[in-house]
Every structure is written in structure tokens, then in C-alpha cells.
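**Q** entry.cif is reproduced below (mmCIF, C-alpha atoms).
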data_work
loop_
_atom_site.label_atom_id
_atom_site.label_comp_id
_atom_site.auth_asym_id
_atom_site.auth_seq_id
_atom_site.Cartn_x
_atom_site.Cartn_y
_atom_site.Cartn_z
CA MET A 269 44.11 -27.55 45.03
CA ALA A 270 43.65 -27.80 48.80
CA LEU A 271 41.45 -24.71 48.64
CA PHE A 272 38.79 -26.67 46.72
CA SER A 273 39.05 -29.94 48.62
CA LYS A 274 35.63 -31.33 49.59
CA ARG A 275 35.34 -32.25 53.26
CA ARG A 276 32.42 -34.09 54.83
CA ALA A 277 30.90 -32.62 57.98
CA PRO A 278 30.89 -34.84 61.07
CA GLU A 279 27.71 -36.86 61.54
CA ASP A 280 26.95 -35.28 64.92
CA GLN A 281 27.24 -31.70 63.62
CA PRO A 282 24.33 -29.65 62.28
CA LYS A 283 23.62 -29.95 58.56
CA THR A 284 25.50 -26.96 57.07
CA SER A 285 27.37 -26.53 53.83
CA ILE A 286 29.83 -29.38 53.22
CA TRP A 287 32.33 -26.93 51.69
CA ARG A 288 34.37 -25.79 54.69
CA GLU A 289 36.33 -23.16 52.73
CA SER A 290 33.11 -21.55 51.42
CA ILE A 291 31.94 -21.12 55.01
CA GLU A 292 35.22 -19.47 55.98
CA LEU A 293 35.08 -17.19 52.91
CA SER A 294 31.47 -16.22 53.68
CA THR A 295 32.48 -15.41 57.25
CA LEU A 296 35.35 -13.21 56.07
CA LEU A 297 33.00 -11.33 53.73
CA GLY A 298 30.52 -10.79 56.53
CA PHE A 299 27.86 -13.28 55.44
CA ALA A 300 26.46 -16.01 57.65
CA PRO A 301 26.85 -19.53 56.29
CA THR A 302 23.75 -20.96 54.69
CA GLN A 303 22.02 -23.51 56.87
CA VAL A 304 20.76 -26.43 54.80
CA LYS A 305 18.09 -28.35 56.61
CA ALA A 306 17.67 -31.98 55.76
CA ALA A 307 14.41 -32.40 53.85
CA PRO A 308 12.02 -34.85 55.48
CA MET A 309 11.40 -38.01 53.54
CA PRO A 310 7.83 -38.28 52.28
CA THR A 311 5.76 -40.93 54.00
CA LEU A 312 5.00 -43.73 51.56
CA PHE A 313 2.64 -45.59 53.85
CA ASP A 314 0.03 -43.96 56.02
CA PRO A 315 -0.19 -45.81 59.38
CA GLY A 316 -3.94 -45.25 59.47
CA ARG A 317 -4.55 -46.69 56.00
CA GLU A 318 -4.49 -50.25 57.35
CA PHE A 319 -7.61 -49.49 59.41
CA ASP A 320 -9.36 -47.29 56.85
CA VAL A 321 -12.66 -49.19 56.77
CA CYS A 322 -14.73 -46.08 55.97
CA HIS A 323 -15.61 -47.30 52.48
CA VAL A 324 -18.88 -48.74 51.24
CA GLY A 325 -17.09 -51.44 49.24
CA LEU A 326 -15.07 -52.68 52.19
CA VAL A 327 -18.11 -52.69 54.50
CA LEU A 328 -20.11 -54.63 51.91
CA ARG A 329 -17.39 -57.26 51.53
CA ALA A 330 -17.11 -57.63 55.33
CA VAL A 331 -20.87 -58.04 55.72
CA LEU A 332 -21.10 -60.60 52.91
CA GLY A 333 -18.17 -62.57 54.31
CA VAL A 334 -19.58 -62.72 57.86
CA GLN A 335 -23.08 -63.58 56.58
CA ALA A 336 -21.71 -66.36 54.39
CA CYS A 337 -19.94 -67.92 57.39
CA LEU A 338 -23.09 -67.55 59.49
CA ALA A 339 -25.22 -69.18 56.78
CA LEU A 340 -22.86 -72.17 56.52
CA GLY A 341 -22.60 -72.54 60.31
CA THR A 342 -26.36 -72.47 60.89
CA ALA A 343 -26.93 -74.85 57.98
CA MET A 344 -24.76 -77.47 59.70
CA ALA A 345 -26.83 -77.15 62.91
CA SER A 346 -30.25 -77.23 61.18
CA GLN A 347 -32.42 -80.23 60.37
CA ASN A 348 -34.55 -78.52 57.71
CA LEU A 349 -34.89 -75.31 55.73
CA GLY A 350 -37.34 -73.70 58.17
CA GLN A 351 -35.03 -74.22 61.13
CA TRP A 352 -32.07 -72.94 59.12
CA PHE A 353 -33.94 -69.76 58.17
CA ALA A 354 -35.00 -69.16 61.81
CA LEU A 355 -31.43 -69.60 63.09
CA LEU A 356 -30.04 -67.43 60.29
CA SER A 357 -32.51 -64.63 61.01
CA THR A 358 -31.70 -64.71 64.73
CA GLY A 359 -27.96 -64.78 64.12
CA THR A 360 -28.15 -61.94 61.60
CA VAL A 361 -29.42 -59.56 64.29
CA VAL A 362 -26.36 -60.31 66.41
CA THR A 363 -23.82 -60.26 63.58
CA MET A 364 -25.08 -57.07 61.92
CA PHE A 365 -25.23 -55.08 65.16
CA GLY A 366 -21.85 -56.38 66.27
CA LEU A 367 -20.03 -56.11 62.92
CA LEU A 368 -21.26 -52.64 62.01
CA THR A 369 -20.44 -51.35 65.51
CA TRP A 370 -16.93 -52.82 65.21
CA LEU A 371 -16.39 -51.24 61.78
CA LEU A 372 -17.71 -47.88 62.98
CA ALA A 373 -15.33 -47.90 65.96
CA VAL A 374 -12.33 -48.88 63.82
CA CYS A 375 -13.19 -46.16 61.28
CA GLY A 376 -13.39 -43.51 64.00
CA PHE A 377 -10.11 -44.47 65.71
CA LYS A 378 -8.06 -45.58 62.69
CA ARG A 379 -5.27 -43.06 63.41
CA VAL A 380 -4.95 -44.19 67.01
CA LEU A 381 -4.95 -47.85 66.00
CA GLY A 382 -2.25 -47.20 63.40
CA ARG A 383 0.09 -45.87 66.10
CA LEU A 384 -0.32 -48.90 68.35
CA GLY A 385 2.06 -51.82 68.34
CA GLU A 386 1.17 -55.17 66.80
CA GLY A 387 0.25 -56.75 70.13
CA GLY A 388 -1.85 -53.78 71.19
CA GLN A 389 -3.80 -53.89 67.93
CA TRP A 390 -4.66 -57.58 68.33
CA LEU A 391 -5.57 -57.23 71.98
CA LEU A 392 -7.72 -54.12 71.49
CA LEU A 393 -9.58 -55.24 68.36
CA THR A 394 -10.31 -58.78 69.52
CA GLY A 395 -11.56 -57.34 72.81
CA LEU A 396 -13.64 -54.85 70.84
CA GLY A 397 -15.03 -57.76 68.82
CA ALA A 398 -16.13 -59.49 72.03
CA LEU A 399 -17.86 -56.34 73.29
CA CYS A 400 -19.57 -55.75 69.94
CA GLY A 401 -20.77 -59.36 69.91
CA LEU A 402 -22.32 -58.89 73.35
CA PHE A 403 -23.87 -55.64 72.16
CA GLY A 404 -25.48 -57.53 69.29
CA TRP A 405 -26.81 -60.14 71.70
CA VAL A 406 -28.31 -57.42 73.91
CA ALA A 407 -30.07 -56.03 70.83
CA LEU A 408 -31.47 -59.50 70.06
CA ASP A 409 -32.50 -60.09 73.65
CA ALA A 410 -34.55 -56.88 73.56
CA VAL A 411 -36.77 -58.19 70.74
CA SER A 412 -36.86 -61.94 71.41
CA VAL A 413 -37.68 -64.44 74.17
CA ILE A 414 -34.42 -66.40 73.86
CA GLU A 415 -33.07 -67.29 77.29
CA THR A 416 -29.77 -65.67 78.20
CA THR A 417 -27.33 -67.83 80.16
CA ASN A 418 -23.72 -67.35 81.20
CA PHE A 419 -22.60 -70.06 78.76
CA ARG A 420 -24.37 -68.30 75.90
CA LEU A 421 -22.85 -64.94 76.80
CA ILE A 422 -19.36 -66.47 76.91
CA SER A 423 -19.99 -68.16 73.54
CA VAL A 424 -21.16 -64.91 71.96
CA ALA A 425 -18.14 -63.02 73.34
CA LEU A 426 -15.72 -65.66 72.02
CA CYS A 427 -17.40 -65.60 68.61
CA GLY A 428 -17.18 -61.80 68.55
CA ALA A 429 -13.49 -61.90 69.49
CA SER A 430 -12.86 -64.49 66.76
CA VAL A 431 -14.61 -62.36 64.14
CA GLY A 432 -12.62 -59.31 65.31
CA GLY A 433 -9.40 -61.29 64.94
CA VAL A 434 -10.32 -62.55 61.47
CA MET A 435 -11.27 -59.01 60.39
CA LEU A 436 -7.95 -57.64 61.68
CA ALA A 437 -6.02 -60.35 59.84
CA TRP A 438 -7.94 -59.55 56.65
CA LEU A 439 -7.23 -55.82 56.96
CA LYS A 440 -3.52 -56.47 57.47
CA LEU A 441 -3.41 -58.84 54.48
CA ARG A 442 -5.30 -56.31 52.37
CA GLU A 443 -2.83 -53.57 53.28
CA ARG A 444 0.19 -55.76 52.48
CA THR A 445 -1.19 -56.66 49.07
CA GLN A 446 -1.89 -52.98 48.28
CA ARG A 447 1.48 -51.68 49.41
CA PRO A 448 3.38 -52.46 46.17
CA ALA A 449 0.62 -50.82 44.10
CA ASN A 450 0.54 -47.83 46.45
CA ALA A 451 4.33 -47.44 46.33
CA LEU A 452 4.33 -47.68 42.52
CA ALA A 453 1.54 -45.11 42.23
CA GLN A 454 3.37 -42.65 44.48
CA LEU A 455 6.66 -43.30 42.66
CA VAL A 456 5.10 -42.52 39.28
CA GLU A 457 3.48 -39.45 40.82
CA LEU A 458 6.82 -38.22 42.17
CA GLN A 459 8.55 -38.90 38.82
CA SER A 460 5.90 -36.89 36.97
CA ARG A 461 5.97 -33.88 39.28
CA ILE A 462 8.70 -31.98 37.47
CA ARG A 463 8.73 -31.99 33.67
CA PRO A 464 11.87 -30.32 32.30
CA HIS A 465 10.29 -29.36 28.97
CA PHE A 466 7.45 -27.57 30.77
CA LEU A 467 9.93 -25.64 32.95
CA PHE A 468 11.99 -24.73 29.87
CA ASN A 469 8.98 -23.48 27.91
CA THR A 470 7.61 -21.51 30.87
CA LEU A 471 10.93 -19.75 31.51
CA ASN A 472 11.23 -18.92 27.82
CA SER A 473 7.74 -17.42 27.89
CA ALA A 474 8.59 -15.36 30.97
CA ILE A 475 11.83 -14.10 29.37
CA ALA A 476 9.94 -13.07 26.25
CA LEU A 477 7.38 -11.17 28.34
CA VAL A 478 9.88 -9.33 30.55
CA GLN A 479 10.44 -6.52 28.02
CA ILE A 480 6.91 -6.19 26.60
CA ASP A 481 4.70 -7.02 29.61
CA PRO A 482 6.60 -7.22 32.93
CA ALA A 483 3.43 -7.60 35.01
CA ARG A 484 2.36 -10.62 32.98
CA ALA A 485 5.85 -12.12 33.21
CA GLU A 486 5.68 -11.74 36.99
CA SER A 487 2.29 -13.47 37.01
CA VAL A 488 3.70 -16.39 34.97
CA LEU A 489 6.59 -16.84 37.39
CA GLU A 490 4.22 -16.68 40.38
CA ASP A 491 2.06 -19.41 38.85
CA LEU A 492 5.16 -21.50 38.15
CA ALA A 493 6.39 -21.04 41.72
CA GLU A 494 3.02 -22.16 43.09
CA LEU A 495 3.01 -25.24 40.83
CA PHE A 496 6.44 -26.24 42.01
CA ARG A 497 5.58 -25.52 45.64
CA VAL A 498 2.71 -27.98 45.47
CA ALA A 499 4.67 -30.48 43.39
CA LEU A 500 7.60 -30.55 45.81
CA ALA A 501 5.51 -30.58 48.98
CA ASP A 502 5.00 -33.75 50.97
CA ALA A 503 2.11 -35.71 49.48
CA SER A 504 -0.87 -35.74 51.84
CA ALA A 505 -3.58 -38.35 51.82
CA SER A 506 -6.04 -36.09 50.02
CA VAL A 507 -6.78 -32.49 49.08
CA SER A 508 -9.97 -30.64 48.26
CA LEU A 509 -11.22 -30.44 44.70
CA GLU A 510 -11.10 -26.65 45.04
CA GLU A 511 -7.32 -26.78 45.58
CA GLU A 512 -6.88 -29.05 42.57
CA ILE A 513 -8.92 -26.73 40.37
CA ASP A 514 -6.83 -23.74 41.49
CA LEU A 515 -3.65 -25.63 40.60
CA ALA A 516 -5.05 -26.62 37.20
CA ARG A 517 -6.01 -22.98 36.55
CA ARG A 518 -2.45 -21.87 37.25
CA TYR A 519 -1.03 -24.52 34.94
CA LEU A 520 -3.43 -23.60 32.11
CA ALA A 521 -2.71 -19.89 32.61
CA ILE A 522 0.95 -20.62 31.88
CA GLU A 523 0.09 -22.75 28.86
CA GLN A 524 -2.22 -19.97 27.61
CA ILE A 525 0.87 -17.76 27.28
CA ARG A 526 2.43 -20.34 24.93
CA PHE A 527 -0.56 -21.19 22.79
CA GLY A 528 -2.61 -17.99 22.93
CA LYS A 529 -5.87 -18.31 20.99
CA ARG A 530 -5.00 -21.87 20.00
CA LEU A 531 -5.91 -23.00 23.52
CA ARG A 532 -9.63 -22.45 24.12
CA ILE A 533 -10.67 -23.30 27.68
CA THR A 534 -14.18 -23.58 29.11
CA TRP A 535 -14.81 -23.90 32.85
CA ARG A 536 -18.20 -25.06 34.14
CA LEU A 537 -17.79 -25.49 37.89
CA ASP A 538 -20.37 -26.38 40.52
CA PRO A 539 -19.55 -24.54 43.79
CA ALA A 540 -21.13 -27.37 45.79
CA ALA A 541 -18.57 -29.85 44.41
CA LYS A 542 -15.44 -28.11 45.70
CA ARG A 543 -15.54 -29.91 49.09
CA ALA A 544 -14.89 -33.34 47.55
CA ARG A 545 -11.60 -34.99 48.52
CA VAL A 546 -9.28 -36.22 45.79
CA PRO A 547 -5.64 -37.42 45.62
CA PRO A 548 -3.09 -34.60 45.29
CA LEU A 549 -2.01 -33.65 41.75
CA LEU A 550 -5.06 -35.31 40.21
CA LEU A 551 -6.22 -32.71 37.68
CA GLN A 552 -2.93 -31.14 36.61
CA PRO A 553 -1.51 -34.22 34.79
CA LEU A 554 -4.92 -34.79 33.16
CA VAL A 555 -5.21 -31.26 31.76
CA GLU A 556 -1.54 -31.44 30.76
CA ASN A 557 -2.32 -34.58 28.76
CA ALA A 558 -5.27 -32.81 27.18
CA VAL A 559 -3.08 -29.86 26.13
CA ARG A 560 -0.26 -32.07 24.94
CA HIS A 561 -2.42 -34.38 22.81
CA GLY A 562 -5.36 -32.16 21.90
CA VAL A 563 -3.84 -28.71 21.38
CA GLU A 564 -0.07 -28.82 20.85
CA PRO A 565 0.02 -31.02 17.67
CA ASN A 566 -2.66 -29.01 15.84
CA GLU A 567 -1.96 -25.73 14.04
CA GLU A 568 -5.51 -24.53 14.73
CA GLY A 569 -5.23 -25.58 18.38
CA GLY A 570 -8.07 -27.20 20.26
CA GLU A 571 -10.75 -26.92 22.89
CA LEU A 572 -10.56 -27.99 26.52
CA GLU A 573 -13.58 -28.21 28.81
CA ILE A 574 -13.50 -28.86 32.57
CA ILE A 575 -16.83 -29.57 34.30
CA THR A 576 -17.62 -30.36 37.93
CA ASN A 577 -21.07 -31.25 39.14
CA GLN A 578 -22.54 -32.50 42.41
CA LYS A 579 -25.08 -35.30 42.03
CA GLY A 580 -26.50 -36.25 45.40
CA SER A 581 -23.71 -37.68 47.55
CA GLU A 582 -21.26 -37.84 44.63
CA VAL A 583 -19.21 -35.37 42.60
CA GLU A 584 -18.62 -35.83 38.89
CA ILE A 585 -15.57 -34.36 37.13
CA ARG A 586 -15.35 -34.26 33.34
CA ILE A 587 -12.32 -33.25 31.29
CA THR A 588 -12.93 -33.15 27.54
CA ASN A 589 -10.58 -32.10 24.74
CA THR A 590 -10.76 -32.10 20.97
CA VAL A 591 -8.53 -34.51 19.05
CA GLY A 592 -6.65 -33.72 15.84
CA GLN A 593 -3.19 -34.67 14.68
CA PRO A 594 -1.25 -37.21 16.80
CA THR A 595 1.47 -35.79 19.01
CA LYS A 596 5.02 -36.00 17.71
CA GLN A 597 6.33 -37.33 21.02
CA PRO A 598 3.97 -40.01 22.39
CA GLY A 599 3.89 -40.31 26.16
CA HIS A 600 4.63 -43.31 28.35
CA GLY A 601 0.97 -44.07 29.07
CA LEU A 602 1.49 -43.80 32.84
CA ALA A 603 -0.62 -40.77 33.77
CA LEU A 604 -4.08 -42.31 33.39
CA PRO A 605 -3.30 -45.65 35.13
CA ASN A 606 -1.60 -43.70 37.92
CA VAL A 607 -4.63 -41.45 38.46
CA ARG A 608 -7.01 -44.41 38.37
CA GLN A 609 -4.89 -46.33 40.87
CA ARG A 610 -4.62 -43.43 43.31
CA LEU A 611 -8.36 -42.78 43.10
CA HIS A 612 -9.16 -46.36 44.03
CA LEU A 613 -6.58 -46.36 46.82
CA LEU A 614 -8.32 -43.32 48.33
CA HIS A 615 -11.99 -44.12 47.68
CA ASP A 616 -12.00 -47.89 46.88
CA VAL A 617 -15.05 -48.94 44.81
CA ALA A 618 -16.77 -45.60 45.45
CA ALA A 619 -14.47 -43.99 42.83
CA VAL A 620 -15.22 -44.19 39.11
CA PHE A 621 -12.74 -43.44 36.32
CA ASP A 622 -14.06 -43.77 32.76
CA VAL A 623 -12.49 -42.91 29.40
CA ASP A 624 -14.57 -42.12 26.33
CA ALA A 625 -12.30 -41.91 23.27
CA LYS A 626 -13.88 -40.80 20.00
CA PRO A 627 -12.21 -39.87 16.69
CA ASP A 628 -12.70 -36.13 17.28
CA ARG A 629 -13.06 -35.90 21.06
CA TYR A 630 -11.45 -37.43 24.16
CA SER A 631 -13.30 -37.35 27.48
CA LEU A 632 -12.44 -38.40 31.03
CA ARG A 633 -15.12 -38.91 33.67
CA ILE A 634 -14.25 -39.14 37.37
CA VAL A 635 -16.78 -39.75 40.14
CA VAL A 636 -15.82 -39.44 43.84
CA PRO A 637 -17.94 -39.43 47.00
CA LEU A 638 -18.71 -36.08 48.60
CA ARG A 639 -17.42 -36.52 52.16
#
What does this structure look like when you write it as C-alpha cells?
**A**
Amino acid sequence: MALFSKRRAPEDQPKTSIWRESIELSTLLGFAPTQVKAAPMPTLFDPGREFDVCHVGLVLRAVLGVQACLALGTAMASQNLGQWFALLSTGTVVTMFGLLTWLLAVCGFKRVLGRLGEGGQWLLLTGLGALCGLFGWVALDAVSVIETTNFRLISVALCGASVGGVMLAWLKLRERTQRPANALAQLVELQSRIRPHFLFNTLNSAIALVQIDPARAESVLEDLAELFRVALADASASVSLEEEIDLARRYLAIEQIRFGKRLRITWRLDPAAKRARVPPLLLQPLVENAVRHGVEPNEEGGELEIITNQKGSEVEIRITNTVGQPTKQPGHGLALPNVRQRLHLLHDVAAVFDVDAKPDRYSLRIVVPLR
């Protein structure tokens, strides 16, 4: 029994096989021991996400918040509505120039800011707020006759630093509140990456094709390998729509082997839309749902249509499938909420995810910005 005893390698040794005797046997037979590299853990939280202010929705909320504070502050210092409006108009020039400059700088250097320590972030961004406030005052001074004094410049700089500090605190609070949702979305994504029944069916299809059509069997296995390569890779922040479409094509090519003429697919793709950025593994679970619920339960099969279209600065994605008999094994209902959640984590309010369920047809509509 000692021959098969399992021994743990020392912690300071390279990660090789933990079966010492198998290494010795491989050496005797003339084979080098297999080196097993430790797989890197996927990053759940992007350091730059905390400072990702490059969204229209976030900018709009920041502007409304600062303007609301300015309106209340000037109202307390005004004696009538005319004076309040004059002070508000003057202050808006300073706040808009300063705030938008601050947001633009944070958006451009979000990766650098994410790598700084806590103290460095506060020091840099409050100082940036002071500079942006002074920049706003310079813009006002160029179009007005308001006297500039040292006291006023110090006051403007302190107000800018305060706004920068409040904005930083809000961004950190926003990130902390989104972390559980982000972790859950990525966990569901990881859990859904490998479906045993899909692997089983694909291998059965490949085995059946080996004797009658070896080239096609090889193509099926290549598509399966590519699907698993993407599924097991580290999740990046976003991928191009073109990559997602290629992955969906490979998946549907495998399913076409199973269903044959029962699966009728129509592609209507706009070449201008392929540059849009989307979360990884966005389309594959959606077309899998369409096949599972719209084709598999029906003896006559079903139709699946995938459409992409650029409309101005946005890209629209539509996935439509026919509906017949209900599936024998209902799903967990996690795929659609997961996709919706990951879309909003990437694009905030700029992303749209709509479902149009009719008795004979089920349609998904996704809108993402083209950037």
C-alpha cells in the first residue's frame, strides 16, 4: 500500500504532481514529470471600477447633486428671487466647468487611481477638486466683472476640494453597494459556464459523426474546444460584440448537428455594430435559452433570429425565437437576470434590456452604447 500513498509537496517547492511515486515511475520510463501550474484566481473586483465615471447616468446624477446643493446654498444667501437667480447663474459657471473637468480627469486616469492607496486617492482627488474649482473661477472671470481677491480664490479652492472629497466618498460608497451584486453576477456566470448535458450531447454527436463524416466531427470538436477555452478563461471587463457573435455561431453550429432542420437560424448582422463592447458570455446563454425553450421541446423545431443594428451612437441586439410546447426541464431563471445585471454594471443606465413575451414568439432586445 505504500506504493500508492499520497504525499503532499512542500510549500516552498514548485507545483508538480503530488504523487511522488508517479514522478519516479515517469522518470524510469523516460518521461519528464508533468508540471502543473497553479491557475490564477479570476479577479472579482476591478480596481478601476471604483473610478469608472465614464457613464452618462453617473455624470447626470453628479451634476444634479452639485446643482441642488448650489441652489440651496445660494437661496440661503439671497434676499429675493432675482438675487437668487443671479447668484445661481454665476455659481453654475464655476460648478459646471469644475465638476465636468474633475469627472473627465477621473475617467481618463481611473486605472492609475485604482492602484493608489487610500490616502493617495483622497489627497490627489481633493487637490484635483481645488484645481478644478479654480479653473471654473477663471472661466467665470473671463466673462464677468466680478472682482477676484485672494480670499475669494481660497474660498473657491476649498469649495472645490470639498466637492472632490464628497464625490470620492460617493464613488466609494457606490462601489461598496455594488460589490455584492457584482460578485453574485460573476458567480452565476461562472456556474453557468460549463453545462454537463451540453458537453454530453456534443460528445455523442461527435462520436456519431466519426465514422460517417470525420471532417464534420473534427469541426464539432474544434467548436467545442473554442467554447470551453472562452468559458474557462479569466473574465475580462468587456469583449467586442464581434467576439460574442463568433462564440454564439460556434455554439449554434454544434446544436445544428443535434437538431438538423428542426433548428432554423437567421442572422441579420450590421458590420458597423461589431465594435460595441459587451460583457463576456453575453449572447451564448441567451441563444442557448432560445434553443432550449423554443426548439428542443417541439417536434417540428423552431426558428431563431439574431439581429444587430447600429442606430446613431447605440447598438441594438435582438434575439427572437418561436415558442411552442413548454420544456420538460424548466430552468432556474438565472440567465436573464444575470445578463441584465452584468449589462448595467458595465454600461449603467446607458444599457437597455427588454423582454417581449408573446404566446407564439419570445424576443429579447439589448441596447448598448457604441464606444
**Q** Written as a ChimeraX atom specification, what is the full residue list that the PyMOL selection byres ((chain A and resi 340-343) around 10) yields on the file shown?
**A** /A:335-339,344-349,351-357,359
**Q** Between A:Leu393, A:Phe527, A:Glu415, A:Arg536, which one has atoms that come closest to Ser430 in chain A, using all atoms listed in the file?
**A**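 Counting all atoms listed in the file, the residue closest to Ser430 in chain A is A:Leu393.
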**Q** Compile the contact shell of Glu486 in chain A as a list in words: residues with an atom at most 12 Å away, counting only C-alpha atoms, same-chain residues fewer than 2 positions apart removed.
**A**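 The filter keeps Thr470, Leu471, Ser473, Ala474, Ile475, Ala476, Leu477, Val478, Gln479, Ile480, Asp481, Pro482, Ala483, Arg484, Val488, Leu489, Glu490, Asp491, Leu492, Ala493 and Ile522 of chain A.
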**Q** Nearest to Pro548 in chain A: which of A:Glu511, A:Glu582, A:Asp622, A:Asp628 is it, counting all atoms listed in the file?
**A**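 Nearest candidate to Pro548 in chain A out of A:Glu511, A:Glu582, A:Asp622, A:Asp628: A:Glu511.
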**Q** Find, counting all atoms listed in the file, the residue in A:Glu556, A:Glu494, A:Asp616, A:Glu571 that gets nearest to Thr588 in chain A.
**A**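 Smallest separation from Thr588 in chain A among the options: A:Glu571.
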**Q** Do you have the CA of Lys529 in chain A-CA of Ile634 in chain A distance handy?
**A**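 Calculated distance between CA of Lys529 in chain A and CA of Ile634 in chain A is 27.8 Å.
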**Q** Take CA of His561 in chain A and CA of Ile574 in chain A and report the distance between them in Å, one decimal.
**A**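 Atom-to-atom, CA of His561 in chain A and CA of Ile574 in chain A are spaced 15.8 Å apart.
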**Q** With distances taken over all atoms listed in the file, which residue among A:Leu572, A:Ala429, A:Leu632, A:Ile422 lies nearest Leu391 in chain A?
**A**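 Closest to Leu391 in chain A, using all atoms listed in the file: A:Ala429.
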**Q** Counting all atoms listed in the file, note down every residue that has an atom within 10 Å of the point (-22.3, -42.3, 45.1) (file coordinates), as JSON, numbers by chain.
**A** {"A": [324, 579, 580, 581, 582, 583, 584, 617, 618, 619, 620, 635, 636, 637, 638]}
**Q** The PyMOL selection byres ((chain A and resi 373) around 12) - which residues does that actually catch in the file I just gave you? List them as a tab-separated table (two decimals) with C-alpha atoms, keeping the file's coordinate frame.
**A**
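New file out_24.tsv:
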chain	number	residue	atom	x	y	z
A	319	PHE	CA	-7.61	-49.49	59.41
A	320	ASP	CA	-9.36	-47.29	56.85
A	321	VAL	CA	-12.66	-49.19	56.77
A	322	CYS	CA	-14.73	-46.08	55.97
A	366	GLY	CA	-21.85	-56.38	66.27
A	367	LEU	CA	-20.03	-56.11	62.92
A	368	LEU	CA	-21.26	-52.64	62.01
A	369	THR	CA	-20.44	-51.35	65.51
A	370	TRP	CA	-16.93	-52.82	65.21
A	371	LEU	CA	-16.39	-51.24	61.78
A	372	LEU	CA	-17.71	-47.88	62.98
A	374	VAL	CA	-12.33	-48.88	63.82
A	375	CYS	CA	-13.19	-46.16	61.28
A	376	GLY	CA	-13.39	-43.51	64.00
A	377	PHE	CA	-10.11	-44.47	65.71
A	378	LYS	CA	-8.06	-45.58	62.69
A	379	ARG	CA	-5.27	-43.06	63.41
A	380	VAL	CA	-4.95	-44.19	67.01
A	381	LEU	CA	-4.95	-47.85	66.00
A	392	LEU	CA	-7.72	-54.12	71.49
A	393	LEU	CA	-9.58	-55.24	68.36
A	396	LEU	CA	-13.64	-54.85	70.84
A	397	GLY	CA	-15.03	-57.76	68.82
A	399	LEU	CA	-17.86	-56.34	73.29
A	400	CYS	CA	-19.57	-55.75	69.94
A	432	GLY	CA	-12.62	-59.31	65.31
**Q** Looking at A:Thr445, A:Thr534, A:Ser631, A:Thr394, which one is nearest to Gly562 in chain A, with distances taken over all atoms listed in the file?
**A**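 With all atoms listed in the file as the atom set, the closest residue is A:Ser631.
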**Q** Complete the atom set of range 485-497 of chain A to N, CA, C and O atoms and return it as a JSON list (two decimals), in the coordinates of the input.
**A**
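Here's the written file out.json:
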[["chain", "number", "residue", "atom", "x", "y", "z"],
["A", 485, "ALA", "N", 4.71, -11.23, 32.96],
["A", 485, "ALA", "CA", 5.85, -12.12, 33.21],
["A", 485, "ALA", "C", 5.92, -12.47, 34.69],
["A", 485, "ALA", "O", 6.18, -13.62, 35.06],
["A", 486, "GLU", "N", 5.69, -11.48, 35.55],
["A", 486, "GLU", "CA", 5.68, -11.74, 36.99],
["A", 486, "GLU", "C", 4.57, -12.72, 37.37],
["A", 486, "GLU", "O", 4.76, -13.63, 38.19],
["A", 487, "SER", "N", 3.40, -12.56, 36.74],
["A", 487, "SER", "CA", 2.29, -13.47, 37.01],
["A", 487, "SER", "C", 2.62, -14.90, 36.60],
["A", 487, "SER", "O", 2.29, -15.86, 37.30],
["A", 488, "VAL", "N", 3.30, -15.06, 35.44],
["A", 488, "VAL", "CA", 3.70, -16.39, 34.97],
["A", 488, "VAL", "C", 4.65, -17.04, 35.97],
["A", 488, "VAL", "O", 4.50, -18.22, 36.31],
["A", 489, "LEU", "N", 5.62, -16.28, 36.44],
["A", 489, "LEU", "CA", 6.59, -16.84, 37.39],
["A", 489, "LEU", "C", 5.93, -17.16, 38.73],
["A", 489, "LEU", "O", 6.31, -18.14, 39.39],
["A", 490, "GLU", "N", 4.95, -16.37, 39.15],
["A", 490, "GLU", "CA", 4.22, -16.68, 40.38],
["A", 490, "GLU", "C", 3.44, -17.98, 40.24],
["A", 490, "GLU", "O", 3.41, -18.81, 41.16],
["A", 491, "ASP", "N", 2.79, -18.16, 39.09],
["A", 491, "ASP", "CA", 2.06, -19.41, 38.85],
["A", 491, "ASP", "C", 3.02, -20.60, 38.82],
["A", 491, "ASP", "O", 2.72, -21.67, 39.37],
["A", 492, "LEU", "N", 4.17, -20.42, 38.20],
["A", 492, "LEU", "CA", 5.16, -21.50, 38.15],
["A", 492, "LEU", "C", 5.67, -21.84, 39.54],
["A", 492, "LEU", "O", 5.82, -23.01, 39.90],
["A", 493, "ALA", "N", 5.92, -20.80, 40.35],
["A", 493, "ALA", "CA", 6.39, -21.04, 41.72],
["A", 493, "ALA", "C", 5.35, -21.81, 42.52],
["A", 493, "ALA", "O", 5.68, -22.71, 43.30],
["A", 494, "GLU", "N", 4.07, -21.47, 42.36],
["A", 494, "GLU", "CA", 3.02, -22.16, 43.09],
["A", 494, "GLU", "C", 2.91, -23.62, 42.64],
["A", 494, "GLU", "O", 2.73, -24.52, 43.47],
["A", 495, "LEU", "N", 3.03, -23.86, 41.33],
["A", 495, "LEU", "CA", 3.01, -25.24, 40.83],
["A", 495, "LEU", "C", 4.13, -26.07, 41.43],
["A", 495, "LEU", "O", 3.92, -27.20, 41.87],
["A", 496, "PHE", "N", 5.32, -25.49, 41.47],
["A", 496, "PHE", "CA", 6.44, -26.24, 42.01],
["A", 496, "PHE", "C", 6.36, -26.38, 43.53],
["A", 496, "PHE", "O", 6.82, -27.36, 44.08],
["A", 497, "ARG", "N", 5.76, -25.39, 44.19],
["A", 497, "ARG", "CA", 5.58, -25.52, 45.64],
["A", 497, "ARG", "C", 4.70, -26.71, 45.96],
["A", 497, "ARG", "O", 5.00, -27.51, 46.85]]
